[in-house]
file final-v2.txt (compact mmCIF, C-alpha atoms)
# COMPACT_ATOMS: atom_id res chain seq x y z
CA MET A 21 0.00 0.00 0.00
CA ALA A 22 1.16 3.51 -0.79
CA GLN A 23 0.11 6.88 0.59
CA TYR A 24 -0.86 9.83 -1.57
CA LEU A 25 -1.51 13.49 -0.89
CA LEU A 26 -4.68 14.82 -2.52
CA THR A 27 -4.59 18.61 -2.45
CA VAL A 28 -7.55 20.84 -3.24
CA HIS A 29 -6.65 23.85 -5.40
CA ASN A 30 -8.99 26.81 -5.02
CA ASP A 31 -8.90 29.93 -7.19
CA TYR A 32 -9.57 32.83 -4.84
CA SER A 33 -9.77 35.36 -7.70
CA VAL A 34 -13.18 34.10 -8.85
CA PRO A 35 -16.41 34.65 -6.93
CA GLN A 36 -16.84 32.02 -4.26
CA PRO A 37 -19.86 29.68 -4.46
CA SER A 38 -23.13 30.67 -2.84
CA GLU A 39 -23.80 29.60 0.73
CA GLU A 40 -26.26 27.00 -0.58
CA ARG A 41 -23.64 25.57 -2.96
CA MET A 42 -21.06 25.51 -0.16
CA HIS A 43 -23.48 23.42 1.94
CA GLU A 44 -23.81 21.01 -1.00
CA PHE A 45 -20.00 20.73 -1.24
CA GLN A 46 -19.73 20.17 2.51
CA ALA A 47 -22.28 17.36 2.37
CA ALA A 48 -20.53 15.76 -0.61
CA VAL A 49 -17.12 16.02 1.06
CA GLY A 50 -18.60 14.50 4.24
CA ALA A 51 -19.91 11.56 2.20
CA PHE A 52 -16.53 11.21 0.46
CA ASN A 53 -14.75 11.21 3.84
CA SER A 54 -17.13 8.52 5.12
CA MET A 55 -16.42 6.40 2.05
CA LEU A 56 -12.66 6.77 2.62
CA ARG A 57 -13.06 5.64 6.24
CA ASP A 58 -15.33 2.74 5.30
CA THR A 59 -12.90 1.45 2.66
CA GLY A 60 -9.78 1.88 4.80
CA ALA A 61 -8.22 4.49 2.49
CA TRP A 62 -8.53 7.31 5.09
CA VAL A 63 -5.31 8.50 6.73
CA PHE A 64 -5.91 12.21 7.34
CA ALA A 65 -7.84 15.18 5.95
CA ALA A 66 -8.19 18.89 6.69
CA GLY A 67 -9.52 22.08 5.23
CA LEU A 68 -7.43 25.24 5.37
CA ALA A 69 -8.29 28.80 6.35
CA GLU A 70 -8.18 31.59 3.75
CA PRO A 71 -4.72 32.32 2.27
CA SER A 72 -4.74 35.78 3.87
CA SER A 73 -4.45 34.07 7.28
CA ALA A 74 -1.09 32.53 6.35
CA ALA A 75 2.34 33.57 7.55
CA VAL A 76 5.65 32.63 5.95
CA VAL A 77 8.65 31.88 8.15
CA SER A 78 12.15 31.82 6.66
CA SER A 79 15.27 31.08 8.67
CA GLU A 80 18.90 31.29 7.58
CA ASP A 81 22.08 31.59 9.61
CA GLY A 82 20.08 31.88 12.82
CA LYS A 83 18.04 34.84 11.56
CA THR A 84 14.30 34.38 11.22
CA LEU A 85 12.03 36.47 9.04
CA THR A 86 8.26 36.20 9.35
CA THR A 87 5.99 37.83 6.80
CA ALA A 88 2.20 38.00 6.71
CA GLY A 89 0.26 36.42 3.90
CA PRO A 90 0.67 33.37 1.67
CA TYR A 91 4.02 32.29 0.24
CA ALA A 92 2.87 32.27 -3.37
CA GLN A 93 1.66 35.55 -4.85
CA THR A 94 -1.11 33.99 -6.90
CA SER A 95 -4.87 33.66 -6.81
CA GLU A 96 -4.70 29.85 -6.63
CA HIS A 97 -3.92 28.31 -3.25
CA VAL A 98 -4.29 24.99 -1.51
CA GLY A 99 -7.68 24.96 0.18
CA GLY A 100 -7.55 21.54 1.82
CA LEU A 101 -6.00 18.11 1.69
CA TRP A 102 -6.40 14.40 2.19
CA VAL A 103 -3.76 11.78 2.81
CA VAL A 104 -5.04 8.45 1.53
CA GLU A 105 -3.61 4.95 1.43
CA THR A 106 -4.24 2.98 -1.73
CA ALA A 107 -2.97 -0.10 -3.55
CA ASP A 108 -1.58 1.94 -6.45
CA LEU A 109 -1.56 5.23 -8.35
CA ASN A 110 -4.63 4.31 -10.38
CA GLU A 111 -6.70 3.95 -7.22
CA ALA A 112 -5.32 7.26 -5.90
CA LEU A 113 -6.27 8.96 -9.18
CA ARG A 114 -9.77 7.48 -8.96
CA LEU A 115 -10.11 8.89 -5.43
CA GLY A 116 -8.75 12.22 -6.67
CA ALA A 117 -11.50 12.35 -9.28
CA GLN A 118 -14.12 11.60 -6.62
CA ALA A 119 -12.63 14.28 -4.36
CA SER A 120 -12.76 16.81 -7.21
CA GLU A 121 -16.40 15.99 -7.84
CA ALA A 122 -17.19 16.32 -4.13
CA CYS A 123 -15.51 19.66 -3.51
CA GLY A 124 -15.84 21.27 -6.95
CA ALA A 125 -12.15 22.03 -7.36
CA PRO A 126 -9.10 20.51 -9.07
CA ILE A 127 -7.20 17.91 -7.04
CA GLU A 128 -3.46 17.30 -7.29
CA VAL A 129 -2.44 13.70 -6.55
CA ARG A 130 1.16 13.14 -5.34
CA PRO A 131 2.79 10.12 -3.74
CA LEU A 132 4.34 10.58 -0.31
CA LEU A 133 8.03 9.74 -0.26
CA GLY A 134 8.89 6.46 1.39
CA SER A 135 5.42 4.98 1.12

call {"tool": "encode", "arguments": {"input": "final-v2.txt", "output": "structure tokens"}}
result
Amino acid sequence: MAQYLLTVHNDYSVPQPSEERMHEFQAAVGAFNSMLRDTGAWVFAAGLAEPSSAAVVSSEDGKTLTTAGPYAQTSEHVGGLWVVETADLNEALRLGAQASEACGAPIEVRPLLGS
């Protein structure tokens, strides 16, 4: 079994879905999470706060610099993630497609090193 990171990529430059649509996404993601748990693929999942809440910490030669805001100066940011355990990449890609359908956003699928 291998572990994969499924990251949700949100574009914060476009209008966000209505409250009603967000409730639909939340219900679909909840059902997806239940399916992951039921099938044994679940390892971990989390949503992330808005990019504006981020801070970037950089340390070199004992000097630390902390800046407010996201690291990448772009409208697209990671909005959430799952770590899943699957038999192979094809299964991880299938779960990525289901995750994309559930949350209405593109999903990047990447293997974790050493798994």

call {"tool": "residues_near_point", "arguments": {"input": "final-v2.txt", "point": "(-3.9, 9.9, -0.5)", "cutoff": "10 Å", "atoms": "only C-alpha atoms", "output": "ChimeraX atom specification"}}
result
/A:22-27,56,61-65,101-106,109,111-113,115-116,129-132

call {"tool": "atom_distance", "arguments": {"input": "final-v2.txt", "atom1": "CA of Ile127 (chain A)", "atom2": "CA of Thr87 (chain A)"}}
result
27.6 Å

call {"tool": "residues_around", "arguments": {"input": "final-v2.txt", "residues": "Glu44 (chain A)", "least_positions_apart": "5", "cutoff": "10 Å", "atoms": "all atoms listed in the file", "output": "PyMOL selection string"}}
result
chain A and resi 38-39+49-50+122-124

call {"tool": "write_last_selection", "arguments": {"input": "final-v2.txt", "atoms": "C-alpha atoms", "output": "PDB file, in the coordinates of the input"}}
result
ATOM      1  CA  SER A  38     -23.130  30.670  -2.840  1.00  0.00           C
ATOM      2  CA  GLU A  39     -23.800  29.600   0.730  1.00  0.00           C
ATOM      3  CA  VAL A  49     -17.120  16.020   1.060  1.00  0.00           C
ATOM      4  CA  GLY A  50     -18.600  14.500   4.240  1.00  0.00           C
ATOM      5  CA  ALA A 122     -17.190  16.320  -4.130  1.00  0.00           C
ATOM      6  CA  CYS A 123     -15.510  19.660  -3.510  1.00  0.00           C
ATOM      7  CA  GLY A 124     -15.840  21.270  -6.950  1.00  0.00           C
TER       8      GLY A 124
END

call {"tool": "atom_distance", "arguments": {"input": "final-v2.txt", "atom1": "CA of Arg114 (chain A)", "atom2": "CA of Arg57 (chain A)"}}
result
15.7 Å

call {"tool": "atom_distance", "arguments": {"input": "final-v2.txt", "atom1": "CA of Val98 (chain A)", "atom2": "CA of Asn53 (chain A)"}}
result
18.1 Å

call {"tool": "closest_residue", "arguments": {"input": "final-v2.txt", "among": "A:Phe52, A:Met21, A:Lys83, A:Glu70", "to": "Gln36 (chain A)", "atoms": "only C-alpha atoms"}}
result
A:Glu70

call {"tool": "residues_around", "arguments": {"input": "final-v2.txt", "residues": "region 76-80 of chain A", "least_positions_apart": "3", "cutoff": "8 Å", "atoms": "all atoms listed in the file", "output": "MDAnalysis selection string"}}
result
chainID A and resid 83:91

call {"tool": "decode", "arguments": {"input": "final-v2.txt", "residues": "region 100-115 of chain A", "atoms": "all heavy atoms", "output": "compact mmCIF listing (two decimals), in the first residue's frame"}}
result
# COMPACT_ATOMS: atom_id res chain seq x y z
N GLY A 100 -7.34 22.68 0.94
CA GLY A 100 -7.55 21.54 1.82
C GLY A 100 -6.75 20.36 1.31
O GLY A 100 -6.09 20.44 0.27
N LEU A 101 -6.80 19.27 2.06
CA LEU A 101 -6.00 18.11 1.69
C LEU A 101 -6.56 16.84 2.29
O LEU A 101 -7.28 16.87 3.28
CB LEU A 101 -4.55 18.30 2.13
CG LEU A 101 -4.36 18.47 3.65
CD1 LEU A 101 -3.92 17.15 4.26
CD2 LEU A 101 -3.34 19.54 3.90
N TRP A 102 -6.20 15.74 1.66
CA TRP A 102 -6.40 14.40 2.19
C TRP A 102 -5.08 13.66 2.06
O TRP A 102 -4.35 13.88 1.09
CB TRP A 102 -7.42 13.60 1.36
CG TRP A 102 -8.84 13.99 1.48
CD1 TRP A 102 -9.75 13.51 2.39
CD2 TRP A 102 -9.58 14.87 0.63
NE1 TRP A 102 -10.99 14.06 2.16
CE2 TRP A 102 -10.91 14.90 1.08
CE3 TRP A 102 -9.24 15.66 -0.47
CZ2 TRP A 102 -11.90 15.66 0.48
CZ3 TRP A 102 -10.22 16.43 -1.07
CH2 TRP A 102 -11.52 16.42 -0.59
N VAL A 103 -4.80 12.79 2.99
CA VAL A 103 -3.76 11.78 2.81
C VAL A 103 -4.51 10.46 2.78
O VAL A 103 -5.27 10.16 3.71
CB VAL A 103 -2.71 11.80 3.94
CG1 VAL A 103 -1.72 10.66 3.77
CG2 VAL A 103 -1.98 13.15 3.96
N VAL A 104 -4.34 9.72 1.69
CA VAL A 104 -5.04 8.45 1.53
C VAL A 104 -4.02 7.33 1.34
O VAL A 104 -2.88 7.57 0.93
CB VAL A 104 -6.01 8.48 0.33
CG1 VAL A 104 -7.11 9.51 0.57
CG2 VAL A 104 -5.29 8.74 -0.98
N GLU A 105 -4.45 6.13 1.64
CA GLU A 105 -3.61 4.95 1.43
C GLU A 105 -4.32 4.05 0.44
O GLU A 105 -5.48 3.67 0.66
CB GLU A 105 -3.38 4.23 2.76
CG GLU A 105 -2.34 3.13 2.66
CD GLU A 105 -1.88 2.69 4.03
OE1 GLU A 105 -2.72 2.10 4.75
OE2 GLU A 105 -0.73 2.95 4.37
N THR A 106 -3.64 3.76 -0.67
CA THR A 106 -4.24 2.98 -1.73
C THR A 106 -3.27 1.91 -2.23
O THR A 106 -2.07 1.95 -1.93
CB THR A 106 -4.62 3.86 -2.94
OG1 THR A 106 -3.43 4.40 -3.51
CG2 THR A 106 -5.54 5.00 -2.52
N ALA A 107 -3.79 0.98 -3.00
CA ALA A 107 -2.97 -0.10 -3.55
C ALA A 107 -2.01 0.42 -4.61
O ALA A 107 -0.91 -0.10 -4.75
CB ALA A 107 -3.86 -1.19 -4.14
N ASP A 108 -2.43 1.46 -5.36
CA ASP A 108 -1.58 1.94 -6.45
C ASP A 108 -2.02 3.34 -6.89
O ASP A 108 -3.02 3.88 -6.40
CB ASP A 108 -1.61 0.97 -7.63
CG ASP A 108 -3.01 0.68 -8.15
OD1 ASP A 108 -3.89 1.57 -8.07
OD2 ASP A 108 -3.23 -0.45 -8.62
N LEU A 109 -1.27 3.89 -7.84
CA LEU A 109 -1.56 5.23 -8.35
C LEU A 109 -2.94 5.30 -9.00
O LEU A 109 -3.65 6.30 -8.83
CB LEU A 109 -0.48 5.67 -9.34
CG LEU A 109 -0.71 7.01 -10.04
CD1 LEU A 109 -0.81 8.15 -9.04
CD2 LEU A 109 0.39 7.27 -11.06
N ASN A 110 -3.32 4.28 -9.73
CA ASN A 110 -4.63 4.31 -10.38
C ASN A 110 -5.76 4.48 -9.38
O ASN A 110 -6.71 5.24 -9.62
CB ASN A 110 -4.85 3.05 -11.22
CG ASN A 110 -4.02 3.05 -12.49
OD1 ASN A 110 -3.67 4.12 -13.00
ND2 ASN A 110 -3.70 1.88 -12.98
N GLU A 111 -5.67 3.80 -8.25
CA GLU A 111 -6.70 3.95 -7.22
C GLU A 111 -6.65 5.36 -6.62
O GLU A 111 -7.69 5.98 -6.37
CB GLU A 111 -6.53 2.91 -6.12
CG GLU A 111 -7.65 2.93 -5.11
CD GLU A 111 -7.53 1.86 -4.04
OE1 GLU A 111 -6.71 0.93 -4.18
OE2 GLU A 111 -8.26 1.98 -3.04
N ALA A 112 -5.45 5.89 -6.43
CA ALA A 112 -5.32 7.26 -5.90
C ALA A 112 -5.92 8.27 -6.88
O ALA A 112 -6.59 9.23 -6.47
CB ALA A 112 -3.86 7.58 -5.62
N LEU A 113 -5.69 8.06 -8.18
CA LEU A 113 -6.27 8.96 -9.18
C LEU A 113 -7.80 8.86 -9.20
O LEU A 113 -8.49 9.87 -9.36
CB LEU A 113 -5.70 8.65 -10.57
CG LEU A 113 -4.22 8.96 -10.74
CD1 LEU A 113 -3.72 8.42 -12.08
CD2 LEU A 113 -3.94 10.45 -10.62
N ARG A 114 -8.32 7.67 -9.03
CA ARG A 114 -9.77 7.48 -8.96
C ARG A 114 -10.35 8.24 -7.76
O ARG A 114 -11.36 8.94 -7.87
CB ARG A 114 -10.11 5.99 -8.86
CG ARG A 114 -11.61 5.70 -8.84
CD ARG A 114 -11.90 4.21 -8.70
NE ARG A 114 -11.33 3.62 -7.50
CZ ARG A 114 -11.81 3.76 -6.26
NH1 ARG A 114 -12.88 4.51 -6.05
NH2 ARG A 114 -11.22 3.18 -5.23
N LEU A 115 -9.66 8.15 -6.61
CA LEU A 115 -10.11 8.89 -5.43
C LEU A 115 -9.97 10.39 -5.65
O LEU A 115 -10.82 11.17 -5.20
CB LEU A 115 -9.32 8.45 -4.19
CG LEU A 115 -9.61 7.03 -3.71
CD1 LEU A 115 -8.69 6.69 -2.54
CD2 LEU A 115 -11.06 6.86 -3.32
